[in-house]
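input-v4.csv (CSV, C-alpha atoms)
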chain,number,residue,atom,x,y,z
J,1,MET,CA,-7.9,15.3,0.2
J,2,SER,CA,-7.9,15.1,-3.5
J,3,ASN,CA,-6.7,17.1,-6.4
J,4,ASN,CA,-9.8,16.3,-8.5
J,5,THR,CA,-12.4,17.2,-5.9
J,6,VAL,CA,-12.5,19.5,-2.9
J,7,SER,CA,-12.8,17.2,0.1
J,8,VAL,CA,-11.2,17.9,3.4
J,9,GLU,CA,-13.8,16.7,5.8
J,10,PRO,CA,-12.4,14.9,8.9
J,11,GLN,CA,-11.1,11.4,8.1
J,12,ILE,CA,-11.7,8.2,10.0
J,13,ASP,CA,-8.2,7.0,9.8
J,14,ALA,CA,-5.6,8.3,12.3
J,15,TYR,CA,-3.1,11.0,11.5
J,16,ASN,CA,0.0,9.5,9.9
J,17,GLY,CA,1.9,12.6,8.9
J,18,LEU,CA,1.9,14.6,5.6
J,19,ASP,CA,2.3,12.6,2.4
J,20,ALA,CA,3.3,14.3,-0.9
J,21,ASP,CA,-0.3,14.7,-2.2
J,22,VAL,CA,-1.6,16.3,1.0
J,23,SER,CA,1.5,18.5,1.3
J,24,GLU,CA,0.8,19.9,-2.2
J,25,LEU,CA,-2.8,20.7,-1.3
J,26,LEU,CA,-1.6,22.6,1.8
J,27,GLU,CA,0.7,24.9,-0.3
J,28,TYR,CA,-1.3,28.1,0.6
J,29,VAL,CA,-1.3,27.1,4.3
J,30,ARG,CA,2.4,26.6,4.2
J,31,LEU,CA,3.0,29.9,2.4
J,32,TRP,CA,1.0,31.6,5.2
J,33,ALA,CA,3.1,29.8,7.9
J,34,THR,CA,6.5,30.6,6.3
J,35,THR,CA,5.7,34.3,6.1
J,36,ARG,CA,3.8,34.7,9.4
J,37,ILE,CA,5.5,32.3,11.8
J,38,GLU,CA,9.0,32.8,12.9
J,39,ILE,CA,9.8,29.5,14.5
J,40,TYR,CA,8.9,26.0,13.1
J,41,PRO,CA,6.4,27.2,10.4
J,42,GLU,CA,6.1,23.6,9.0
J,43,LYS,CA,4.9,22.5,12.5
J,44,VAL,CA,1.8,24.7,12.0
J,45,VAL,CA,1.0,22.9,8.8
J,46,GLU,CA,1.3,19.5,10.5
J,47,ILE,CA,-0.8,20.6,13.4
J,48,PHE,CA,-3.5,21.9,11.1
J,49,TYR,CA,-3.7,18.7,9.2
J,50,GLN,CA,-3.6,16.6,12.3
J,51,ARG,CA,-6.5,18.6,13.8
J,52,TYR,CA,-8.4,18.1,10.6
J,53,CYS,CA,-7.8,14.3,10.6
J,54,GLU,CA,-8.9,14.0,14.2
J,55,GLY,CA,-12.1,16.1,13.6
J,56,LYS,CA,-11.1,18.9,15.9
J,57,ILE,CA,-11.9,21.7,13.6
J,58,ARG,CA,-15.3,22.9,14.6
J,59,ASN,CA,-16.4,24.5,11.3
J,60,ARG,CA,-20.1,24.9,10.7
J,61,PHE,CA,-19.7,24.8,6.9
J,62,THR,CA,-18.7,22.0,4.5
J,63,ASP,CA,-16.6,21.6,1.4
J,64,ALA,CA,-19.8,20.9,-0.5
J,65,GLU,CA,-21.2,24.2,0.6
J,66,TYR,CA,-18.0,25.9,-0.5
J,67,LEU,CA,-18.1,24.3,-4.0
J,68,ALA,CA,-21.8,25.3,-4.3
J,69,ASN,CA,-21.0,28.9,-3.4
J,70,LYS,CA,-20.4,30.3,-6.9
J,71,ASP,CA,-19.7,33.8,-5.6
J,72,ILE,CA,-16.7,32.6,-3.7
J,73,VAL,CA,-15.5,29.7,-6.0
J,74,ASN,CA,-15.8,31.8,-9.2
J,75,THR,CA,-13.9,34.7,-7.5
J,76,VAL,CA,-11.1,32.3,-6.5
J,77,MET,CA,-10.8,31.1,-10.1
J,78,SER,CA,-11.0,34.7,-11.5
J,79,LEU,CA,-8.2,35.7,-9.3
J,80,GLY,CA,-6.0,32.9,-10.6
J,81,MET,CA,-6.0,30.8,-7.5
J,82,ASP,CA,-6.4,27.0,-7.0
J,83,VAL,CA,-9.9,26.2,-5.7
J,84,THR,CA,-8.9,23.2,-3.6
J,85,LYS,CA,-5.8,24.9,-2.1
J,86,PHE,CA,-7.9,27.9,-1.3
J,87,TRP,CA,-10.4,25.8,0.5
J,88,CYS,CA,-7.6,24.4,2.7
J,89,LEU,CA,-6.5,28.0,3.4
J,90,MET,CA,-10.0,29.1,4.3
J,91,LEU,CA,-10.4,26.1,6.7
J,92,PHE,CA,-7.1,26.8,8.3
J,93,MET,CA,-7.8,30.5,8.7
J,94,TYR,CA,-11.1,29.7,10.4
J,95,ASP,CA,-9.5,27.3,12.8
J,96,TYR,CA,-6.4,29.3,13.5
J,97,ILE,CA,-8.2,32.6,14.2
J,98,SER,CA,-10.9,30.9,16.3
J,99,CYS,CA,-8.1,29.3,18.4
J,100,LEU,CA,-6.3,32.6,18.6
J,101,MET,CA,-9.3,34.4,20.0
J,102,LYS,CA,-10.4,31.6,22.3
J,103,ARG,CA,-8.4,32.9,25.2
J,104,GLY,CA,-10.1,36.3,25.0
J,105,GLU,CA,-13.5,34.6,25.0
J,106,PHE,CA,-12.5,32.7,28.1
J,107,ILE,CA,-11.3,35.8,29.9
J,108,ASN,CA,-14.7,37.4,29.0
J,109,ASP,CA,-16.4,34.6,30.8
J,110,ILE,CA,-14.3,35.4,33.9
J,111,ILE,CA,-15.1,39.1,33.7
J,112,GLU,CA,-18.8,38.4,33.4
J,113,THR,CA,-18.7,35.9,36.3
J,114,GLN,CA,-16.7,38.2,38.6
J,115,GLY,CA,-19.0,41.1,37.9
J,116,LEU,CA,-22.1,39.1,38.5
J,117,ILE,CA,-20.9,37.7,41.8
J,118,LYS,CA,-19.7,41.2,42.9
J,119,ASN,CA,-23.1,42.8,42.1
J,120,ILE,CA,-25.1,40.1,43.8
J,121,GLU,CA,-23.0,40.1,47.0
J,122,GLN,CA,-23.9,43.8,47.5
J,123,TYR,CA,-27.5,43.0,48.3
J,124,ASP,CA,-29.6,40.9,50.7
J,125,ILE,CA,-31.1,37.8,49.2
J,126,ASP,CA,-34.5,39.5,49.2
J,127,ASP,CA,-33.3,42.4,47.1
J,128,PHE,CA,-32.7,40.6,43.8
J,129,ASP,CA,-34.3,37.9,41.6
J,130,PHE,CA,-33.1,35.4,39.2
J,131,ILE,CA,-35.6,35.2,36.3
J,132,LEU,CA,-36.0,31.7,34.8
J,133,TYR,CA,-38.3,30.6,32.0
J,134,GLU,CA,-39.4,27.2,30.9
J,135,GLY,CA,-40.7,28.1,27.4
J,136,ASP,CA,-43.0,31.0,28.0
J,137,LYS,CA,-43.7,30.0,31.6
J,138,ARG,CA,-41.9,32.1,34.2
J,139,ILE,CA,-40.5,30.1,37.1
J,140,LYS,CA,-40.3,31.7,40.6
J,141,VAL,CA,-37.0,31.2,42.4
J,142,SER,CA,-37.2,30.8,46.1
J,143,ASP,CA,-34.7,32.4,48.5
J,144,PHE,CA,-33.1,29.0,49.0
J,145,GLY,CA,-32.8,28.7,45.2
J,146,LYS,CA,-31.2,32.1,44.9
J,147,GLN,CA,-28.6,31.2,47.5
J,148,SER,CA,-27.9,27.9,45.7
J,149,ILE,CA,-27.4,29.7,42.4
J,150,LEU,CA,-25.0,32.2,44.0
J,151,ARG,CA,-23.0,29.3,45.6
J,152,MET,CA,-22.8,27.6,42.2
J,153,LEU,CA,-21.5,30.7,40.6
J,154,GLN,CA,-18.9,31.2,43.3
J,155,TYR,CA,-17.9,27.5,43.2
J,156,GLY,CA,-17.7,27.6,39.4
J,157,TYR,CA,-15.5,30.6,39.4
J,158,GLU,CA,-13.2,29.3,42.1
J,159,ASN,CA,-12.9,25.7,40.7
J,160,LEU,CA,-13.3,26.1,36.9
J,161,TYR,CA,-11.6,29.4,36.0
J,162,LYS,CA,-8.9,29.5,38.7
J,163,ASN,CA,-8.0,25.8,38.3
J,164,LYS,CA,-7.4,26.5,34.6
J,165,GLY,CA,-4.8,29.1,35.5
J,166,ALA,CA,-6.9,32.0,34.4
J,167,VAL,CA,-5.8,34.0,37.5
J,168,VAL,CA,-2.4,34.5,35.8
J,169,TYR,CA,-4.1,36.9,33.4
J,170,GLU,CA,-6.2,38.9,35.9
J,171,GLU,CA,-4.2,42.1,35.5
J,172,ASP,CA,-4.9,42.0,31.8
J,173,LEU,CA,-8.6,41.6,32.1
J,174,LYS,CA,-9.4,45.0,30.8
J,175,GLY,CA,-7.5,44.3,27.6
J,176,TYR,CA,-9.9,41.4,26.9
J,177,ALA,CA,-13.2,43.1,27.8
J,178,ASN,CA,-14.1,43.9,24.2
J,179,LEU,CA,-12.5,40.9,22.5
J,180,ASP,CA,-15.5,40.1,20.4
J,181,ARG,CA,-16.2,38.8,16.9
J,182,SER,CA,-15.1,42.2,15.4
J,183,TYR,CA,-11.6,41.3,16.4
J,184,MET,CA,-11.9,37.9,14.6
J,185,ILE,CA,-13.2,39.7,11.5
J,186,CYS,CA,-10.4,42.3,11.7
J,187,GLN,CA,-7.8,39.5,12.0
J,188,ALA,CA,-9.2,37.7,9.0
J,189,VAL,CA,-8.9,40.8,7.0
J,190,LYS,CA,-5.2,41.2,7.9
J,191,GLU,CA,-4.4,37.6,7.1
J,192,PHE,CA,-6.3,37.3,3.8
J,193,LYS,CA,-4.9,40.7,2.6
J,194,HIS,CA,-1.5,39.3,3.4
J,195,MET,CA,-2.2,36.1,1.4
J,196,PHE,CA,-3.7,37.9,-1.5
J,197,ASP,CA,-0.6,40.0,-1.9
J,198,LEU,CA,1.4,36.8,-2.1
J,199,LEU,CA,-1.0,34.7,-4.2
J,200,ILE,CA,-2.6,37.0,-6.7
J,201,ASP,CA,-0.7,37.6,-9.9
J,202,LYS,CA,-2.4,40.6,-11.6
J,203,SER,CA,-1.5,39.3,-15.0
J,204,ASN,CA,-3.6,36.1,-14.4
J,205,ILE,CA,-6.8,37.9,-13.2
J,206,GLU,CA,-9.8,37.1,-15.5
J,207,THR,CA,-12.3,39.8,-16.0
J,208,PRO,CA,-15.8,38.6,-14.9
J,209,CYS,CA,-18.4,38.2,-17.6
J,210,THR,CA,-21.4,40.6,-17.6
J,211,GLY,CA,-24.0,39.8,-15.0
J,212,SER,CA,-21.6,37.7,-12.9
J,213,THR,CA,-21.7,38.1,-9.1
J,214,VAL,CA,-17.9,37.7,-9.0
J,215,SER,CA,-16.2,40.8,-7.6
J,216,LEU,CA,-12.5,41.5,-7.9
J,217,ASN,CA,-12.8,43.8,-4.9
J,218,ARG,CA,-10.6,42.1,-2.3
J,219,MET,CA,-12.3,43.6,0.7
J,220,LEU,CA,-15.7,42.4,-0.6
J,221,PHE,CA,-14.3,38.9,-1.2
J,222,ILE,CA,-13.0,38.8,2.4
J,223,SER,CA,-16.3,40.1,3.6
J,224,ARG,CA,-18.0,37.2,1.8
J,225,ILE,CA,-15.5,34.7,3.3
J,226,VAL,CA,-16.2,35.8,6.9
J,227,CYS,CA,-19.9,35.7,6.1
J,228,PHE,CA,-19.5,32.2,4.9
J,229,TYR,CA,-17.7,31.5,8.2
J,230,GLY,CA,-20.8,32.7,10.0
J,231,TRP,CA,-19.0,35.4,12.0
J,232,PRO,CA,-21.2,38.4,11.3
J,233,LYS,CA,-24.5,38.7,13.3
J,234,ASN,CA,-27.5,37.3,11.4
J,235,LYS,CA,-29.0,40.7,10.7
J,236,SER,CA,-25.7,41.9,9.2
J,237,LYS,CA,-25.1,38.9,6.8
J,238,ASP,CA,-26.8,40.5,3.8
J,239,SER,CA,-24.8,43.7,4.1
J,240,PHE,CA,-21.6,41.7,4.4
J,241,TRP,CA,-22.4,39.7,1.3
J,242,SER,CA,-23.4,42.6,-0.9
J,243,SER,CA,-21.0,45.4,0.1
J,244,ASP,CA,-17.6,45.9,1.7
J,245,ASN,CA,-18.8,48.8,3.8
J,246,SER,CA,-19.4,46.8,7.0
J,247,ILE,CA,-16.1,45.0,6.9
J,248,LYS,CA,-14.2,48.2,6.1
J,249,GLY,CA,-15.9,49.9,9.1
J,250,ILE,CA,-14.8,47.1,11.4
J,251,TYR,CA,-11.3,46.9,10.0
J,252,ASN,CA,-10.7,50.6,10.2
J,253,THR,CA,-12.0,50.7,13.8
J,254,TYR,CA,-10.3,47.6,15.2
J,255,ARG,CA,-6.9,47.5,13.4
J,256,THR,CA,-5.6,50.3,15.5
J,257,LYS,CA,-6.9,49.0,18.8
J,258,VAL,CA,-4.3,47.7,21.2
J,259,MET,CA,-4.8,44.0,21.9
J,260,PRO,CA,-3.0,41.8,24.4
J,261,ASP,CA,-0.5,39.3,23.0
J,262,LEU,CA,-2.5,36.5,21.4
J,263,ILE,CA,-1.5,32.9,21.4
J,264,ALA,CA,-3.4,30.0,19.8
J,265,PRO,CA,-2.8,27.3,22.4
J,266,GLU,CA,-3.8,24.5,20.0
J,267,TYR,CA,-1.0,25.6,17.7
J,268,SER,CA,1.3,26.8,20.5
J,269,ILE,CA,2.4,29.8,18.5
J,270,GLY,CA,1.9,33.5,18.1
J,271,ILE,CA,2.0,35.5,15.0
J,272,LYS,CA,4.3,38.3,13.7
J,273,PRO,CA,2.9,41.8,14.1
Output the file's structure in the form of structure tokens.
Amino acid sequence: MSNNTVSVEPQIDAYNGLDADVSELLEYVRLWATTRIEIYPEKVVEIFYQRYCEGKIRNRFTDAEYLANKDIVNTVMSLGMDVTKFWCLMLFMYDYISCLMKRGEFINDIIETQGLIKNIEQYDIDDFDFILYEGDKRIKVSDFGKQSILRMLQYGYENLYKNKGAVVYEEDLKGYANLDRSYMICQAVKEFKHMFDLLIDKSNIETPCTGSTVSLNRMLFISRIVCFYGWPKNKSKDSFWSSDNSIKGIYNTYRTKVMPDLIAPEYSIGIKP
């Protein structure tokens, strides 16, 4: 990490704790943690930097792409925020929210597997087909093959999911049934709105020049961030980038939905309501 350039790609050297320079660049991450985490907020900052150093953050975007994205970078500057510190915050939010929602995605896997096994077991082996394709070529599955696939599904459920302790949550399965990307987007809106309230000093906002693609509309800015993350479906990306209508619709729909308590296991923490 450097004050002169935005560079927070995973490092080769091992994690050796936070030095003063790195700690300064993580100022926005620390501000989020101290206002959203009740116990040991500094630990969250350390975990994030350690995950970064060890290459555990699975972002599909780079700091170079961030710097090249003038819509986002120029908006950060127009709002009076530090470009490098905001990159660190964006990377943290991506990782934290992804970890936060991972349990719900795992439970969705269990729901799908349970439902599939239950449906198949109602029928004789001759009454259903598995449809497999190799390219455009359809592959016929024999009765023996069907039985083998069913056994693998049953074995996978019993030995993969249950051995991971997922059965503990079986009474909560309905609460996770719809835990999709819309929840991730809604959570991003909540967290970035919170940070903008803390970071943006209205007296420091610069009015964009004529013809600029910078928008001081905070919801549109968040919409562009989640689009940069790659969370909206491909066919929706243009609408997320050009308008805040889509993200407002998601936020207004999902912010009032009751969700089970969420914990990011990698960070071993939850968040304040």
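The space between CA of Lys85 (chain J) and CA of Pro41 (chain J) spans 17.6 Å.
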Expected residue set, 9 Å radius at (3.5, 20.0, 8.5), only C-alpha atoms, as number ranges by chain: J: 17-18, 23, 26, 30, 41-50
Point-to-point distance in Å for CA of Lys56 (chain J) and CA of Phe240 (chain J): 27.6 Å
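One distance worth recording is that between CA of Met77 (chain J) and CA of Ile250 (chain J), which is 27.1 Å.
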Close residues, Glu206 (chain J) itself excluded, 8 Å, only C-alpha atoms, min 3 positions apart in chain, as a list in words: Ser78, Leu79 and Gly80 of chain J
Spatial neighbours of Met93 (chain J), max dist 9 Å, all atoms listed in the file, sep filter under 5 positions, as a count of residues only: 6
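The smallest atom-to-atom distance between Ser215 (chain J) and any of J:Tyr40, J:Tyr66, J:Tyr229, J:Trp241, using all atoms listed in the file, is found for J:Trp241.
Residues within 12 Å of Thr75 (chain J), counting all atoms listed in the file and excluding same-chain residues fewer than 4 positions away, are Tyr66, Leu67, Asn69, Lys70, Asp71, Leu79, Gly80, Met81, Asp82, Val83, Phe86, Ile200, Ile205, Glu206, Thr207, Pro208, Cys209, Ser212, Thr213, Val214, Ser215, Leu216, Asn217, Arg218, Leu220, Phe221, Ile222, Arg224 and Ile225 of chain J.
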Expected file: the selected residues, C-alpha atoms, as a JSON list (two decimals), keeping the file's coordinate frame:
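Output file result.json is given in full below:
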[["chain", "number", "residue", "atom", "x", "y", "z"],
["J", 66, "TYR", "CA", -18.00, 25.90, -0.50],
["J", 67, "LEU", "CA", -18.10, 24.30, -4.00],
["J", 69, "ASN", "CA", -21.00, 28.90, -3.40],
["J", 70, "LYS", "CA", -20.40, 30.30, -6.90],
["J", 71, "ASP", "CA", -19.70, 33.80, -5.60],
["J", 79, "LEU", "CA", -8.20, 35.70, -9.30],
["J", 80, "GLY", "CA", -6.00, 32.90, -10.60],
["J", 81, "MET", "CA", -6.00, 30.80, -7.50],
["J", 82, "ASP", "CA", -6.40, 27.00, -7.00],
["J", 83, "VAL", "CA", -9.90, 26.20, -5.70],
["J", 86, "PHE", "CA", -7.90, 27.90, -1.30],
["J", 200, "ILE", "CA", -2.60, 37.00, -6.70],
["J", 205, "ILE", "CA", -6.80, 37.90, -13.20],
["J", 206, "GLU", "CA", -9.80, 37.10, -15.50],
["J", 207, "THR", "CA", -12.30, 39.80, -16.00],
["J", 208, "PRO", "CA", -15.80, 38.60, -14.90],
["J", 209, "CYS", "CA", -18.40, 38.20, -17.60],
["J", 212, "SER", "CA", -21.60, 37.70, -12.90],
["J", 213, "THR", "CA", -21.70, 38.10, -9.10],
["J", 214, "VAL", "CA", -17.90, 37.70, -9.00],
["J", 215, "SER", "CA", -16.20, 40.80, -7.60],
["J", 216, "LEU", "CA", -12.50, 41.50, -7.90],
["J", 217, "ASN", "CA", -12.80, 43.80, -4.90],
["J", 218, "ARG", "CA", -10.60, 42.10, -2.30],
["J", 220, "LEU", "CA", -15.70, 42.40, -0.60],
["J", 221, "PHE", "CA", -14.30, 38.90, -1.20],
["J", 222, "ILE", "CA", -13.00, 38.80, 2.40],
["J", 224, "ARG", "CA", -18.00, 37.20, 1.80],
["J", 225, "ILE", "CA", -15.50, 34.70, 3.30]]
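Comparing J:Leu100, J:Val141, J:Leu150, J:Ile39 by their smallest distance to Gln187 (chain J), the closest is J:Leu100 (using all atoms listed in the file).
For the set J:Leu91, J:Cys186, J:Met101, J:Leu132, the residue with the smallest atom-to-atom gap to Thr256 (chain J) is J:Cys186, counting all atoms listed in the file.
The point (-14.4, 41.2, 15.4) has these residues within 9 Å of it, counting all atoms listed in the file: Leu179, Asp180, Arg181, Ser182, Tyr183, Met184, Ile185, Cys186, Gln187, Ala188, Trp231, Pro232, Ile250, Tyr251 and Tyr254 of chain J.
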Those same residues - C-alpha atoms - I'd like them written as a PDB file, in the coordinates of the input.
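Here's the written file again38.pdb:
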ATOM      1  CA  LEU J 179     -12.500  40.900  22.500  1.00  0.00           C
ATOM      2  CA  ASP J 180     -15.500  40.100  20.400  1.00  0.00           C
ATOM      3  CA  ARG J 181     -16.200  38.800  16.900  1.00  0.00           C
ATOM      4  CA  SER J 182     -15.100  42.200  15.400  1.00  0.00           C
ATOM      5  CA  TYR J 183     -11.600  41.300  16.400  1.00  0.00           C
ATOM      6  CA  MET J 184     -11.900  37.900  14.600  1.00  0.00           C
ATOM      7  CA  ILE J 185     -13.200  39.700  11.500  1.00  0.00           C
ATOM      8  CA  CYS J 186     -10.400  42.300  11.700  1.00  0.00           C
ATOM      9  CA  GLN J 187      -7.800  39.500  12.000  1.00  0.00           C
ATOM     10  CA  ALA J 188      -9.200  37.700   9.000  1.00  0.00           C
ATOM     11  CA  TRP J 231     -19.000  35.400  12.000  1.00  0.00           C
ATOM     12  CA  PRO J 232     -21.200  38.400  11.300  1.00  0.00           C
ATOM     13  CA  ILE J 250     -14.800  47.100  11.400  1.00  0.00           C
ATOM     14  CA  TYR J 251     -11.300  46.900  10.000  1.00  0.00           C
ATOM     15  CA  TYR J 254     -10.300  47.600  15.200  1.00  0.00           C
TER      16      TYR J 254
END
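Nearest-residue note for Val22 (chain J): choosing from J:Phe130, J:Phe61, J:Phe228, J:Tyr52, the minimum distance belongs to J:Tyr52, counting only C-alpha atoms.
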Please, can region 123-148 of chain J be completed to N, CA and C atoms and returned as a CSV table (one decimal), in the coordinates of the input?
chain,number,residue,atom,x,y,z
J,123,TYR,N,-26.1,42.9,47.8
J,123,TYR,CA,-27.5,43.0,48.3
J,123,TYR,C,-27.9,41.8,49.2
J,124,ASP,N,-29.0,42.0,49.9
J,124,ASP,CA,-29.6,40.9,50.7
J,124,ASP,C,-30.3,40.0,49.7
J,125,ILE,N,-30.5,38.8,50.1
J,125,ILE,CA,-31.1,37.8,49.2
J,125,ILE,C,-32.5,38.2,48.7
J,126,ASP,N,-33.1,39.0,49.6
J,126,ASP,CA,-34.5,39.5,49.2
J,126,ASP,C,-34.5,40.6,48.2
J,127,ASP,N,-33.4,41.2,47.9
J,127,ASP,CA,-33.3,42.4,47.1
J,127,ASP,C,-33.1,42.1,45.6
J,128,PHE,N,-32.9,40.9,45.3
J,128,PHE,CA,-32.7,40.6,43.8
J,128,PHE,C,-33.4,39.3,43.5
J,129,ASP,N,-33.6,39.1,42.2
J,129,ASP,CA,-34.3,37.9,41.6
J,129,ASP,C,-33.5,37.4,40.5
J,130,PHE,N,-33.5,36.0,40.4
J,130,PHE,CA,-33.1,35.4,39.2
J,130,PHE,C,-34.3,35.1,38.4
J,131,ILE,N,-34.4,35.4,37.1
J,131,ILE,CA,-35.6,35.2,36.3
J,131,ILE,C,-35.3,34.0,35.4
J,132,LEU,N,-36.1,33.0,35.6
J,132,LEU,CA,-36.0,31.7,34.8
J,132,LEU,C,-37.2,31.5,34.1
J,133,TYR,N,-37.1,31.0,32.9
J,133,TYR,CA,-38.3,30.6,32.0
J,133,TYR,C,-38.2,29.2,31.5
J,134,GLU,N,-39.3,28.5,31.5
J,134,GLU,CA,-39.4,27.2,30.9
J,134,GLU,C,-40.4,27.4,29.7
J,135,GLY,N,-39.8,27.6,28.5
J,135,GLY,CA,-40.7,28.1,27.4
J,135,GLY,C,-41.2,29.5,27.7
J,136,ASP,N,-42.5,29.7,27.6
J,136,ASP,CA,-43.0,31.0,28.0
J,136,ASP,C,-43.4,31.1,29.4
J,137,LYS,N,-43.3,30.1,30.2
J,137,LYS,CA,-43.7,30.0,31.6
J,137,LYS,C,-42.5,30.5,32.5
J,138,ARG,N,-42.9,31.5,33.3
J,138,ARG,CA,-41.9,32.1,34.2
J,138,ARG,C,-41.8,31.2,35.5
J,139,ILE,N,-40.6,30.9,35.9
J,139,ILE,CA,-40.5,30.1,37.1
J,139,ILE,C,-40.0,30.9,38.3
J,140,LYS,N,-40.7,30.9,39.4
J,140,LYS,CA,-40.3,31.7,40.6
J,140,LYS,C,-39.2,31.0,41.3
J,141,VAL,N,-38.1,31.7,41.7
J,141,VAL,CA,-37.0,31.2,42.4
J,141,VAL,C,-37.1,31.5,43.8
J,142,SER,N,-37.1,30.6,44.7
J,142,SER,CA,-37.2,30.8,46.1
J,142,SER,C,-35.8,31.4,46.7
J,143,ASP,N,-35.9,31.9,47.9
J,143,ASP,CA,-34.7,32.4,48.5
J,143,ASP,C,-33.6,31.3,48.6
J,144,PHE,N,-34.0,30.1,48.9
J,144,PHE,CA,-33.1,29.0,49.0
J,144,PHE,C,-32.4,28.8,47.6
J,145,GLY,N,-33.3,28.9,46.6
J,145,GLY,CA,-32.8,28.7,45.2
J,145,GLY,C,-31.8,29.8,44.8
J,146,LYS,N,-32.1,31.0,45.2
J,146,LYS,CA,-31.2,32.1,44.9
J,146,LYS,C,-29.8,31.9,45.6
J,147,GLN,N,-29.8,31.4,46.8
J,147,GLN,CA,-28.6,31.2,47.5
J,147,GLN,C,-27.8,30.0,46.9
J,148,SER,N,-28.6,29.0,46.4
J,148,SER,CA,-27.9,27.9,45.7
J,148,SER,C,-27.3,28.3,44.4
